[in-house]
$ cat model_17.cif   # mmCIF, C-alpha atoms
data_entry
#
loop_
_atom_site.label_atom_id
_atom_site.label_comp_id
_atom_site.auth_asym_id
_atom_site.auth_seq_id
_atom_site.Cartn_x
_atom_site.Cartn_y
_atom_site.Cartn_z
CA MET V 814 6.11 0.24 -14.08
CA TYR V 815 4.61 -0.24 -17.51
CA ASP V 816 4.70 -4.03 -17.77
CA GLU V 817 2.82 -5.22 -20.83
CA GLN V 818 3.47 -8.88 -20.13
CA GLN V 819 2.09 -8.58 -16.64
CA GLN V 820 -1.08 -6.76 -17.63
CA ALA V 821 -1.82 -8.25 -21.05
CA GLY V 822 -3.66 -11.50 -21.28
CA THR V 823 -6.72 -13.17 -22.68
CA GLY V 824 -9.07 -10.31 -22.00
CA ARG V 825 -9.68 -11.44 -18.42
CA HIS V 826 -8.36 -9.12 -15.76
CA GLY V 827 -8.78 -8.25 -12.12
CA PRO V 828 -10.37 -5.10 -10.73
CA LEU V 829 -6.95 -3.48 -10.29
CA ALA V 830 -5.72 -4.19 -13.83
CA GLY V 831 -4.18 -1.09 -15.34
CA PHE V 832 -3.34 0.46 -11.97
CA THR V 833 0.04 0.76 -10.26
CA VAL V 834 0.15 0.52 -6.47
CA GLY V 835 3.10 1.41 -4.25
CA VAL V 836 3.85 -0.79 -1.22
CA THR V 837 5.87 0.77 1.61
CA ALA V 838 5.77 -2.19 4.02
CA ALA V 839 8.94 -3.90 5.19
CA ARG V 840 7.29 -6.97 6.69
CA ARG V 841 4.49 -8.85 4.94
CA ALA V 842 5.26 -6.92 1.78
CA ASP V 843 5.29 -10.14 -0.26
CA GLU V 844 1.84 -11.05 1.06
CA LEU V 845 0.42 -7.62 0.29
CA GLY V 846 2.09 -7.52 -3.12
CA ALA V 847 0.70 -10.95 -4.01
CA LEU V 848 -2.82 -9.91 -3.02
CA LEU V 849 -2.57 -6.83 -5.24
CA GLN V 850 -1.06 -8.67 -8.20
CA ARG V 851 -3.70 -11.40 -8.07
CA ARG V 852 -6.23 -8.64 -8.63
CA GLY V 853 -4.33 -7.31 -11.62
CA ALA V 854 -2.29 -4.44 -10.17
CA ALA V 855 1.29 -3.64 -11.06
CA VAL V 856 3.20 -3.30 -7.78
CA LEU V 857 6.09 -0.98 -6.97
CA HIS V 858 7.68 -2.22 -3.75
CA ALA V 859 9.77 0.23 -1.75
CA PRO V 860 10.24 -0.73 1.92
CA ALA V 861 10.34 2.57 3.79
CA LEU V 862 11.82 0.92 6.90
CA ARG V 863 14.32 -1.65 8.03
CA ILE V 864 14.15 -3.45 11.32
CA VAL V 865 17.22 -3.61 13.60
CA PRO V 866 17.71 -4.89 17.18
CA LEU V 867 17.38 -2.27 19.88
CA ALA V 868 20.76 -0.74 20.69
CA ASP V 869 19.25 0.90 23.77
CA ASP V 870 16.94 -1.66 25.36
CA SER V 871 15.42 0.71 27.94
CA GLU V 872 12.00 0.45 26.26
CA LEU V 873 12.11 -3.34 26.38
CA LEU V 874 13.19 -3.24 30.03
CA ALA V 875 10.34 -0.86 30.89
CA ALA V 876 7.79 -3.09 29.12
CA THR V 877 9.16 -6.19 30.91
CA LYS V 878 8.96 -4.55 34.34
CA ASP V 879 5.43 -3.37 33.52
CA LEU V 880 4.34 -6.94 32.79
CA LEU V 881 6.05 -8.28 35.89
CA GLY V 882 4.30 -5.65 37.99
CA GLN V 883 0.86 -6.18 36.44
CA ALA V 884 0.24 -9.56 34.87
CA PRO V 885 -1.14 -9.73 31.34
CA ASP V 886 -4.05 -12.01 30.52
CA VAL V 887 -2.59 -12.92 27.12
CA VAL V 888 0.91 -12.80 25.60
CA VAL V 889 1.25 -13.03 21.82
CA ALA V 890 4.69 -14.15 20.57
CA THR V 891 5.14 -13.18 16.92
CA THR V 892 8.72 -14.15 15.96
CA ALA V 893 11.17 -16.73 17.26
CA ILE V 894 14.17 -14.41 17.17
CA GLY V 895 12.20 -11.71 18.95
CA PHE V 896 10.96 -14.04 21.69
CA ARG V 897 14.45 -15.45 22.27
CA GLY V 898 15.88 -11.93 22.32
CA TRP V 899 13.32 -10.90 24.95
CA VAL V 900 14.12 -13.84 27.24
CA GLU V 901 17.89 -13.37 26.79
CA ALA V 902 17.62 -9.65 27.58
CA ALA V 903 15.59 -10.41 30.72
CA GLU V 904 18.22 -12.89 31.84
CA GLY V 905 20.87 -10.21 31.40
CA TRP V 906 18.90 -7.92 33.72
CA GLY V 907 18.47 -10.66 36.30
CA LEU V 908 14.77 -10.89 35.49
CA GLY V 909 14.81 -14.08 33.44
CA GLU V 910 13.22 -16.41 35.99
CA SER V 911 10.62 -13.83 36.94
CA LEU V 912 9.64 -13.33 33.30
CA LEU V 913 9.37 -17.06 32.64
CA ALA V 914 7.28 -17.52 35.79
CA ARG V 915 4.95 -14.75 34.64
CA LEU V 916 4.63 -16.25 31.15
CA ARG V 917 3.67 -19.62 32.66
CA GLU V 918 0.68 -17.93 34.29
CA THR V 919 -0.69 -16.34 31.13
CA GLU V 920 -2.41 -17.49 27.96
CA LEU V 921 0.60 -17.73 25.64
CA LEU V 922 -0.16 -17.65 21.91
CA ALA V 923 2.47 -18.45 19.26
CA ARG V 924 2.15 -17.23 15.66
CA GLY V 925 3.78 -20.28 14.08
CA PRO V 926 6.06 -23.33 14.51
CA LYS V 927 9.30 -21.35 14.77
CA VAL V 928 7.87 -19.32 17.62
CA LYS V 929 6.58 -22.50 19.27
CA GLY V 930 10.12 -23.89 19.12
CA ALA V 931 11.50 -20.79 20.84
CA ILE V 932 8.79 -20.94 23.51
CA ARG V 933 9.47 -24.60 24.27
CA ALA V 934 13.22 -24.05 24.27
CA ALA V 935 12.61 -21.59 27.10
CA GLY V 936 10.81 -24.32 29.07
CA LEU V 937 7.33 -22.98 28.34
CA THR V 938 4.30 -24.36 26.52
CA GLU V 939 2.08 -22.36 24.23
CA HIS V 940 -1.65 -22.48 24.76
CA TRP V 941 -2.49 -22.25 21.05
CA SER V 942 -0.97 -21.59 17.65
CA PRO V 943 -2.76 -21.03 14.30
CA SER V 944 -2.35 -23.63 11.59
CA SER V 945 -2.03 -20.84 9.02
CA GLU V 946 0.86 -19.05 10.81
CA SER V 947 -1.24 -15.95 10.24
CA MET V 948 -1.62 -13.09 12.67
CA ALA V 949 -5.09 -12.60 11.21
CA GLU V 950 -6.08 -15.98 12.64
CA VAL V 951 -4.60 -15.05 16.02
CA LEU V 952 -6.60 -11.84 15.94
CA ASP V 953 -9.80 -13.69 15.01
CA ARG V 954 -9.35 -16.04 17.97
CA LEU V 955 -8.78 -13.22 20.41
CA LEU V 956 -11.75 -11.20 19.18
CA GLU V 957 -13.99 -14.27 19.24
CA GLU V 958 -12.95 -14.96 22.84
CA GLY V 959 -13.56 -11.30 23.67
CA VAL V 960 -10.82 -8.88 24.72
CA ASP V 961 -12.83 -6.17 26.44
CA GLY V 962 -11.07 -5.38 29.72
CA ARG V 963 -8.27 -7.87 29.10
CA ARG V 964 -4.56 -7.00 29.18
CA VAL V 965 -2.80 -8.27 26.06
CA ALA V 966 0.98 -8.15 25.63
CA VAL V 967 2.19 -8.29 22.03
CA GLN V 968 5.84 -8.96 21.18
CA LEU V 969 6.46 -6.47 18.38
CA HIS V 970 8.89 -7.21 15.57
CA GLY V 971 9.89 -3.74 14.50
CA GLU V 972 7.16 -2.56 12.18
CA PRO V 973 3.81 -2.52 14.02
CA LEU V 974 1.57 -5.40 13.04
CA PRO V 975 -0.85 -4.06 10.40
CA GLY V 976 -4.13 -3.43 12.16
CA PHE V 977 -3.50 -6.00 14.89
CA VAL V 978 -3.02 -3.66 17.83
CA GLU V 979 -5.68 -1.27 16.50
CA SER V 980 -8.29 -4.04 16.33
CA LEU V 981 -7.52 -5.25 19.85
CA ARG V 982 -7.85 -1.74 21.26
CA ALA V 983 -11.07 -1.21 19.33
CA GLY V 984 -12.34 -4.39 21.04
CA GLY V 985 -11.63 -2.91 24.46
CA ALA V 986 -8.27 -4.51 25.25
CA GLU V 987 -5.38 -2.83 27.02
CA VAL V 988 -2.44 -3.57 24.74
CA VAL V 989 1.15 -3.56 25.97
CA GLY V 990 3.76 -3.57 23.20
CA VAL V 991 6.99 -5.44 23.81
CA PRO V 992 9.51 -3.75 21.46
CA VAL V 993 12.42 -6.03 20.59
CA TYR V 994 13.47 -4.14 17.45
CA ARG V 995 13.59 -0.56 16.24
CA TRP V 996 12.64 0.99 12.90
CA MET V 997 15.36 2.62 10.83
CA PRO V 998 15.46 4.06 7.29
CA PRO V 999 16.33 1.43 4.67
CA GLU V 1000 20.00 0.95 3.86
CA ASP V 1001 19.20 1.14 0.15
CA LEU V 1002 17.19 4.28 -0.50
CA GLY V 1003 16.94 3.58 -4.24
CA PRO V 1004 13.51 1.87 -4.14
CA VAL V 1005 12.07 4.60 -1.88
CA ASP V 1006 13.39 7.30 -4.21
CA ARG V 1007 11.89 5.51 -7.21
CA LEU V 1008 8.54 5.33 -5.43
CA LEU V 1009 8.72 9.04 -4.59
CA ASP V 1010 9.58 9.88 -8.19
CA ALA V 1011 6.68 7.75 -9.41
CA ALA V 1012 4.29 9.42 -6.98
CA VAL V 1013 5.19 13.00 -7.86
CA SER V 1014 5.11 12.22 -11.60
CA ARG V 1015 1.70 10.53 -11.16
CA GLY V 1016 3.14 7.17 -12.18
CA LEU V 1017 1.38 5.67 -9.16
CA ASP V 1018 -2.37 5.37 -8.72
CA ALA V 1019 -2.22 4.49 -5.02
CA VAL V 1020 0.32 3.96 -2.25
CA THR V 1021 -0.32 1.68 0.72
CA PHE V 1022 0.82 2.12 4.30
CA THR V 1023 0.67 -0.62 6.94
CA SER V 1024 2.41 1.32 9.73
CA ALA V 1025 2.73 4.89 10.93
CA PRO V 1026 6.57 4.71 10.96
CA ALA V 1027 6.56 3.81 7.25
CA ALA V 1028 4.47 6.90 6.49
CA VAL V 1029 6.81 9.06 8.59
CA SER V 1030 9.85 7.58 6.87
CA LEU V 1031 8.47 8.32 3.39
CA LEU V 1032 7.62 11.90 4.37
CA ASP V 1033 11.09 12.36 5.87
CA ARG V 1034 12.77 11.12 2.70
CA ALA V 1035 10.62 13.45 0.61
CA ALA V 1036 11.74 16.34 2.82
CA GLN V 1037 15.41 15.36 2.41
CA ARG V 1038 14.99 15.49 -1.37
CA GLY V 1039 13.00 18.72 -1.37
CA LEU V 1040 9.91 16.92 -2.64
CA THR V 1041 7.51 17.49 0.26
CA ALA V 1042 5.23 19.93 -1.56
CA GLU V 1043 5.15 17.77 -4.69
CA LEU V 1044 4.43 14.58 -2.74
CA LEU V 1045 1.64 16.16 -0.69
CA ALA V 1046 0.10 17.61 -3.86
CA ALA V 1047 0.12 14.15 -5.45
CA LEU V 1048 -1.43 12.53 -2.37
CA HIS V 1049 -4.07 15.26 -2.20
CA HIS V 1050 -5.25 14.89 -5.78
CA ASP V 1051 -4.00 12.02 -7.92
CA VAL V 1052 -2.30 9.29 -5.85
CA LEU V 1053 -4.66 7.57 -3.42
CA PRO V 1054 -3.10 7.02 0.04
CA ALA V 1055 -4.55 3.83 1.56
CA CYS V 1056 -3.80 3.02 5.19
CA VAL V 1057 -4.53 -0.19 7.05
CA GLY V 1058 -6.00 1.70 10.00
CA PRO V 1059 -6.42 5.05 11.77
CA VAL V 1060 -3.16 4.91 13.74
CA THR V 1061 -1.23 4.28 10.53
CA ALA V 1062 -2.95 7.28 8.92
CA LEU V 1063 -2.05 9.80 11.65
CA PRO V 1064 1.27 11.08 10.17
CA LEU V 1065 -0.44 11.73 6.82
CA GLN V 1066 -3.50 13.33 8.37
CA ALA V 1067 -1.20 15.62 10.36
CA ARG V 1068 -0.01 16.96 6.98
CA GLY V 1069 -3.57 17.52 5.81
CA VAL V 1070 -3.72 14.37 3.65
CA ASP V 1071 -7.05 12.53 3.58
CA THR V 1072 -6.64 8.75 3.47
CA VAL V 1073 -8.91 5.78 2.89
CA GLN V 1074 -9.02 2.95 5.43
CA PRO V 1075 -10.89 -0.36 5.55
CA GLU V 1076 -13.39 -1.01 8.32
CA ARG V 1077 -11.38 -4.05 9.39
CA PHE V 1078 -7.73 -3.22 9.95
CA ARG V 1079 -6.15 -5.99 7.89
CA LEU V 1080 -4.36 -6.49 4.60
CA GLY V 1081 -7.20 -8.33 2.85
CA PRO V 1082 -9.78 -5.61 3.48
CA LEU V 1083 -7.17 -2.99 2.53
CA VAL V 1084 -6.79 -4.61 -0.89
CA GLN V 1085 -10.57 -4.96 -1.27
CA LEU V 1086 -10.91 -1.26 -0.53
CA LEU V 1087 -8.50 -0.46 -3.35
CA CYS V 1088 -10.52 -2.73 -5.63
CA GLN V 1089 -13.51 -0.47 -4.98
CA GLU V 1090 -11.79 2.91 -4.89
CA LEU V 1091 -9.44 2.85 -7.88
CA PRO V 1092 -11.91 1.70 -10.57
CA GLY V 1093 -14.35 4.29 -9.19
CA ARG V 1094 -11.77 7.04 -9.82
CA ALA V 1095 -11.12 5.99 -13.43
CA ARG V 1096 -12.52 8.21 -16.22
CA SER V 1097 -15.12 6.46 -18.36
CA LEU V 1098 -16.26 8.00 -21.67
CA PRO V 1099 -18.53 7.00 -24.59
CA VAL V 1100 -16.27 7.34 -27.62
CA ALA V 1101 -17.00 6.31 -31.23
CA GLY V 1102 -19.57 3.75 -30.15
CA HIS V 1103 -17.27 2.26 -27.52
CA ARG V 1104 -16.91 2.62 -23.76
CA LEU V 1105 -13.42 3.91 -22.98
CA GLU V 1106 -12.16 3.71 -19.39
CA ILE V 1107 -8.83 5.40 -18.65
CA ARG V 1108 -6.74 3.80 -15.90
CA GLY V 1109 -3.21 4.41 -14.68
CA HIS V 1110 -1.15 2.64 -17.35
CA ALA V 1111 -3.85 0.95 -19.43
CA VAL V 1112 -7.33 1.50 -20.82
CA LEU V 1113 -10.41 -0.64 -21.02
CA VAL V 1114 -12.15 -0.61 -24.39
CA ASP V 1115 -15.57 -2.17 -23.95
CA GLY V 1116 -14.21 -3.97 -20.91
CA GLU V 1117 -11.13 -5.33 -22.67
CA LEU V 1118 -7.78 -4.41 -21.13
CA LYS V 1119 -5.36 -2.57 -23.44
CA PRO V 1120 -1.92 -1.78 -21.99
CA VAL V 1121 -0.63 1.60 -23.19
CA PRO V 1122 2.95 2.93 -22.97
CA PRO V 1123 3.57 6.07 -20.85
CA ALA V 1124 3.72 8.49 -23.79
CA GLY V 1125 0.39 7.23 -25.09
CA MET V 1126 -1.22 7.55 -21.66
CA ALA V 1127 0.02 11.14 -21.44
CA LEU V 1128 -1.64 11.95 -24.77
CA LEU V 1129 -4.84 10.17 -23.85
CA ARG V 1130 -5.16 12.05 -20.56
CA ALA V 1131 -4.57 15.34 -22.34
CA LEU V 1132 -7.35 14.53 -24.82
CA ALA V 1133 -9.70 13.36 -22.06
CA ARG V 1134 -9.42 16.58 -20.08
CA ARG V 1135 -11.84 18.11 -22.60
CA PRO V 1136 -13.33 15.15 -24.44
CA GLY V 1137 -14.61 15.94 -27.90
CA TRP V 1138 -12.59 19.17 -28.16
CA VAL V 1139 -9.62 19.55 -30.47
CA VAL V 1140 -6.27 19.61 -28.67
CA ALA V 1141 -3.46 21.26 -30.58
CA ARG V 1142 -0.24 19.42 -31.34
CA ALA V 1143 1.73 22.01 -29.38
CA GLU V 1144 -0.34 21.32 -26.26
CA LEU V 1145 -0.01 17.58 -26.71
CA LEU V 1146 3.75 18.00 -27.13
CA ARG V 1147 3.91 19.70 -23.74
CA ALA V 1148 2.06 16.73 -22.24
CA LEU V 1149 4.61 14.23 -23.55
CA PRO V 1150 7.33 13.30 -21.03
CA GLY V 1151 10.71 14.55 -22.27
CA ALA V 1152 9.51 15.12 -25.84
CA GLY V 1153 11.47 18.29 -26.55
CA ARG V 1154 10.26 20.63 -29.31
CA ASP V 1155 9.65 18.35 -32.28
CA GLU V 1156 5.92 17.96 -32.94
CA HIS V 1157 6.74 14.84 -34.92
CA ALA V 1158 7.04 13.14 -31.51
CA VAL V 1159 3.30 13.67 -31.08
CA GLU V 1160 2.54 11.91 -34.37
CA THR V 1161 4.78 8.98 -33.44
CA ALA V 1162 3.27 8.62 -29.96
CA MET V 1163 -0.24 8.99 -31.36
CA ALA V 1164 0.34 6.21 -33.89
CA ARG V 1165 1.54 3.92 -31.09
CA LEU V 1166 -1.43 4.89 -28.93
CA ARG V 1167 -3.89 4.01 -31.68
CA THR V 1168 -2.18 0.68 -32.22
CA ALA V 1169 -2.24 -0.06 -28.47
CA ILE V 1170 -5.95 0.59 -28.02
CA GLY V 1171 -6.81 -1.34 -31.19
CA ALA V 1172 -9.61 1.03 -32.21
CA PRO V 1173 -8.09 3.82 -34.33
CA LYS V 1174 -11.39 5.68 -34.78
CA LEU V 1175 -11.52 6.55 -31.07
CA ILE V 1176 -9.08 9.39 -31.79
CA GLN V 1177 -9.72 11.68 -34.74
CA THR V 1178 -7.11 13.72 -36.59
CA VAL V 1179 -8.28 17.28 -37.26
CA VAL V 1180 -6.18 18.52 -40.20
CA LYS V 1181 -3.86 21.42 -39.36
CA ARG V 1182 -5.34 21.69 -35.87
CA GLY V 1183 -4.62 18.60 -33.77
CA TYR V 1184 -6.52 15.61 -32.39
CA ARG V 1185 -9.74 14.94 -30.51
CA LEU V 1186 -11.50 12.05 -28.81
CA ALA V 1187 -14.44 11.08 -31.01
CA LEU V 1188 -16.97 11.60 -28.24
CA ASP V 1189 -20.41 10.21 -29.06
CA PRO V 1190 -22.83 13.02 -30.07
CA ALA V 1191 -25.23 12.24 -27.22
CA ALA V 1192 -22.43 12.90 -24.73
CA ASP V 1193 -21.23 16.20 -26.21
CA THR V 1194 -23.28 18.38 -23.88
CA LYS V 1195 -22.49 16.37 -20.79
CA TYR V 1196 -18.72 16.56 -21.29
CA ALA V 1197 -18.41 19.96 -22.96
CA ASP V 1198 -17.16 21.68 -19.81
CA ALA V 1199 -15.38 18.69 -18.28
#
$ encode --input "model_17.cif" --output "structure tokens"
Amino acid sequence: MYDEQQQAGTGRHGPLAGFTVGVTAARRADELGALLQRRGAAVLHAPALRIVPLADDSELLAATKDLLGQAPDVVVATTAIGFRGWVEAAEGWGLGESLLARLRETELLARGPKVKGAIRAAGLTEHWSPSSESMAEVLDRLLEEGVDGRRVAVQLHGEPLPGFVESLRAGGAEVVGVPVYRWMPPEDLGPVDRLLDAAVSRGLDAVTFTSAPAAVSLLDRAAQRGLTAELLAALHHDVLPACVGPVTALPLQARGVDTVQPERFRLGPLVQLLCQELPGRARSLPVAGHRLEIRGHAVLVDGELKPVPPAGMALLRALARRPGWVVARAELLRALPGAGRDEHAVETAMARLRTAIGAPKLIQTVVKRGYRLALDPAADTKYADA
């Protein structure tokens, strides 16, 4: 997670520089990760779900019969494979012609060219498709048209569309999900386990959720590993859980975890929310005539980003718990990850920390006692009991 090349640069950095954010999404993870990285964050991607075709298609059959019995005003087709699978399943039930006839009567929206191809291959014509292939643009169109009192069918693709259904319901629509896939735990649990380990060790500053099933899956994996208490403690205090909307947040809230959510249930506003929240949680101190801001895996010294290795960050946090007070070497040794009993490890890590921040006078050596942050005299009273 400590990636000096990613975070170092010319002194210019985004609002999330120095922070590490976990991404649990299976779909649109690349989009979310790119948005975070463009703002300076280091990203730990661990899809908490995988999407597989329904083995038992009773839910899809029920949704199809529902739409045949009560016509939707709008049908949103999100993926080509999902739309084809829906039509093929209906044909297998003897409902193919009825479904196609119903779709001809509705406003049929296609997310992109692949979906348009599947729609036309079925002998249908879409009413509209966004040039961006973005569900956000589809949502904007629907909300601009007005959805209050309208029945909207959405072909789901496994993981619920981040904020899409929530926004439609908030606008007054009746939303009917058409489930063509099911969510399952990932085949490779390694990334999820690494994310859990990073969360409980406070190696993450935030973790994002774009669906309720992803949150449930992460909690389930924590329970399997005996890490539930540790994960909940991290999410309560040190690792910010950010959800795309209120439905996504429900599994976490049921465990007593408070989450942050953007006002608009989309990925962009979710990232903007992190850009506000994480810098606001960072500790900022006046030290030796400088302004020191302590972030997840880096510090800002007078606004300049300084990546710091994990051992150095551990020491710095220990010093910042009581800024200006001397912290003994023995206490600093306990703060070092895997340092053992040799206090020489503190001296080595401290030397590297001073080199990393580029301002050695920020940390003072107190002979035979330990080290202290050189808190400016005017701040001594303010931070004495911090």
$ residues_near_point --input "model_17.cif" --point "(-4.6, -12.9, 3.1)" --cutoff "8 Å" --atoms "all atoms listed in the file" --output "PyMOL selection string"
chain V and resi 844-845+848+1080-1081
$ resolve_selection --input "model_17.cif" --expression "the PyMOL selection byres ((chain V and resi 952-957) around 12)" --output "compact mmCIF listing (two decimals) with C-alpha atoms, in the coordinates of the input"
# COMPACT_ATOMS: atom_id res chain seq x y z
CA ASP V 886 -4.05 -12.01 30.52
CA VAL V 887 -2.59 -12.92 27.12
CA VAL V 888 0.91 -12.80 25.60
CA VAL V 889 1.25 -13.03 21.82
CA THR V 891 5.14 -13.18 16.92
CA GLU V 920 -2.41 -17.49 27.96
CA LEU V 921 0.60 -17.73 25.64
CA LEU V 922 -0.16 -17.65 21.91
CA ALA V 923 2.47 -18.45 19.26
CA ARG V 924 2.15 -17.23 15.66
CA TRP V 941 -2.49 -22.25 21.05
CA SER V 942 -0.97 -21.59 17.65
CA PRO V 943 -2.76 -21.03 14.30
CA GLU V 946 0.86 -19.05 10.81
CA SER V 947 -1.24 -15.95 10.24
CA MET V 948 -1.62 -13.09 12.67
CA ALA V 949 -5.09 -12.60 11.21
CA GLU V 950 -6.08 -15.98 12.64
CA VAL V 951 -4.60 -15.05 16.02
CA GLU V 958 -12.95 -14.96 22.84
CA GLY V 959 -13.56 -11.30 23.67
CA VAL V 960 -10.82 -8.88 24.72
CA ASP V 961 -12.83 -6.17 26.44
CA ARG V 963 -8.27 -7.87 29.10
CA ARG V 964 -4.56 -7.00 29.18
CA VAL V 965 -2.80 -8.27 26.06
CA VAL V 967 2.19 -8.29 22.03
CA LEU V 974 1.57 -5.40 13.04
CA PRO V 975 -0.85 -4.06 10.40
CA GLY V 976 -4.13 -3.43 12.16
CA PHE V 977 -3.50 -6.00 14.89
CA VAL V 978 -3.02 -3.66 17.83
CA GLU V 979 -5.68 -1.27 16.50
CA SER V 980 -8.29 -4.04 16.33
CA LEU V 981 -7.52 -5.25 19.85
CA ARG V 982 -7.85 -1.74 21.26
CA ALA V 983 -11.07 -1.21 19.33
CA GLY V 984 -12.34 -4.39 21.04
CA GLY V 985 -11.63 -2.91 24.46
CA ALA V 986 -8.27 -4.51 25.25
CA ARG V 1077 -11.38 -4.05 9.39
CA PHE V 1078 -7.73 -3.22 9.95
CA ARG V 1079 -6.15 -5.99 7.89
$ atom_distance --input "model_17.cif" --atom1 "atom CA of V:Ala1162" --atom2 "atom CA of V:Tyr1184"
12.3 Å
$ atom_distance --input "model_17.cif" --atom1 "atom CA of V:Arg897" --atom2 "atom CA of V:Gly846"
29.3 Å
$ resolve_selection --input "model_17.cif" --expression "the PyMOL selection byres ((chain V and resi 893) around 8)" --output "mmCIF file with C-alpha atoms, in the coordinates of the input"
data_model
loop_
_atom_site.group_PDB
_atom_site.id
_atom_site.type_symbol
_atom_site.label_atom_id
_atom_site.label_comp_id
_atom_site.auth_asym_id
_atom_site.auth_seq_id
_atom_site.Cartn_x
_atom_site.Cartn_y
_atom_site.Cartn_z
ATOM 1 C CA ALA V 890 4.690 -14.150 20.570
ATOM 2 C CA THR V 891 5.140 -13.180 16.920
ATOM 3 C CA THR V 892 8.720 -14.150 15.960
ATOM 4 C CA ILE V 894 14.170 -14.410 17.170
ATOM 5 C CA GLY V 895 12.200 -11.710 18.950
ATOM 6 C CA PHE V 896 10.960 -14.040 21.690
ATOM 7 C CA ARG V 897 14.450 -15.450 22.270
ATOM 8 C CA LYS V 927 9.300 -21.350 14.770
ATOM 9 C CA VAL V 928 7.870 -19.320 17.620
ATOM 10 C CA LYS V 929 6.580 -22.500 19.270
ATOM 11 C CA GLY V 930 10.120 -23.890 19.120
ATOM 12 C CA ALA V 931 11.500 -20.790 20.840
ATOM 13 C CA ILE V 932 8.790 -20.940 23.510
#
$ resolve_selection --input "model_17.cif" --expression "the PyMOL selection byres ((chain V and resi 1006) around 12)" --output "PyMOL selection string"
chain V and resi 835+837+857-861+999+1001-1005+1007-1013+1030-1040+1044
$ closest_residue --input "model_17.cif" --among "V:Arg1096, V:Arg863, V:Trp1138, V:Asp1155" --to "V:Glu1000" --atoms "only C-alpha atoms"
V:Arg863
$ closest_residue --input "model_17.cif" --among "V:Gly1109, V:Pro1173, V:Pro1054, V:Gly1069" --to "V:Arg1015" --atoms "only C-alpha atoms"
V:Gly1109
$ closest_residue --input "model_17.cif" --among "V:Arg1068, V:His1110, V:Arg1134, V:Lys1174" --to "V:Val1029" --atoms "only C-alpha atoms"
V:Arg1068
$ atom_distance --input "model_17.cif" --atom1 "atom CA of V:Arg995" --atom2 "atom CA of V:Val865"
5.4 Å
$ residues_near_point --input "model_17.cif" --point "(-7.3, 1.5, 4.2)" --cutoff "7 Å" --atoms "all atoms listed in the file" --output "list of chain:residue names"
V:Ala1055, V:Cys1056, V:Val1057, V:Gly1058, V:Val1073, V:Gln1074, V:Pro1075, V:Leu1083, V:Leu1086
$ residues_around --input "model_17.cif" --residues "V:Ala1187" --least-positions-apart "2" --cutoff "8 Å" --atoms "all atoms listed in the file" --output "list of chain:residue names"
V:Val1100, V:Ala1101, V:Pro1136, V:Gly1137, V:Lys1174, V:Leu1175, V:Ile1176, V:Gln1177, V:Arg1185, V:Asp1189
$ closest_residue --input "model_17.cif" --among "V:Ala1028, V:Cys1088, V:Leu880, V:Ala1047" --to "V:Pro998" --atoms "only C-alpha atoms"
V:Ala1028
$ residues_around --input "model_17.cif" --residues "V:His1049" --least-positions-apart "3" --cutoff "6 Å" --atoms "all atoms listed in the file" --output "VMD selection string"
chain V and resid 1045 to 1046 1070
$ residues_around --input "model_17.cif" --residues "V:Leu874" --least-positions-apart "5" --cutoff "12 Å" --atoms "only C-alpha atoms" --output "JSON, numbers by chain"
{"V": [867, 869, 879, 880, 881, 898, 899, 900, 901, 902, 903, 904, 905, 906, 907, 908, 909, 912, 990, 991, 992, 993]}
$ write_last_selection --input "model_17.cif" --atoms "C-alpha atoms" --output "PDB file, in the frame of the given file"
ATOM      1  CA  LEU V 867      17.380  -2.270  19.880  1.00  0.00           C
ATOM      2  CA  ASP V 869      19.250   0.900  23.770  1.00  0.00           C
ATOM      3  CA  ASP V 879       5.430  -3.370  33.520  1.00  0.00           C
ATOM      4  CA  LEU V 880       4.340  -6.940  32.790  1.00  0.00           C
ATOM      5  CA  LEU V 881       6.050  -8.280  35.890  1.00  0.00           C
ATOM      6  CA  GLY V 898      15.880 -11.930  22.320  1.00  0.00           C
ATOM      7  CA  TRP V 899      13.320 -10.900  24.950  1.00  0.00           C
ATOM      8  CA  VAL V 900      14.120 -13.840  27.240  1.00  0.00           C
ATOM      9  CA  GLU V 901      17.890 -13.370  26.790  1.00  0.00           C
ATOM     10  CA  ALA V 902      17.620  -9.650  27.580  1.00  0.00           C
ATOM     11  CA  ALA V 903      15.590 -10.410  30.720  1.00  0.00           C
ATOM     12  CA  GLU V 904      18.220 -12.890  31.840  1.00  0.00           C
ATOM     13  CA  GLY V 905      20.870 -10.210  31.400  1.00  0.00           C
ATOM     14  CA  TRP V 906      18.900  -7.920  33.720  1.00  0.00           C
ATOM     15  CA  GLY V 907      18.470 -10.660  36.300  1.00  0.00           C
ATOM     16  CA  LEU V 908      14.770 -10.890  35.490  1.00  0.00           C
ATOM     17  CA  GLY V 909      14.810 -14.080  33.440  1.00  0.00           C
ATOM     18  CA  LEU V 912       9.640 -13.330  33.300  1.00  0.00           C
ATOM     19  CA  GLY V 990       3.760  -3.570  23.200  1.00  0.00           C
ATOM     20  CA  VAL V 991       6.990  -5.440  23.810  1.00  0.00           C
ATOM     21  CA  PRO V 992       9.510  -3.750  21.460  1.00  0.00           C
ATOM     22  CA  VAL V 993      12.420  -6.030  20.590  1.00  0.00           C
TER      23      VAL V 993
END
$ axis_aligned_box --input "model_17.cif" --around "stretch 878-883 of chain V" --padding-each-side "3 Å" --output "lines of an AutoDock Vina configuration file"
center_x = 4.9
center_y = -5.8
center_z = 35.4
size_x = 14.1
size_y = 10.9
size_z = 11.2
$ closest_residue --input "model_17.cif" --among "V:Ser871, V:Gln968, V:Ser1024, V:Thr1161" --to "V:Ala1062" --atoms "only C-alpha atoms"
V:Ser1024
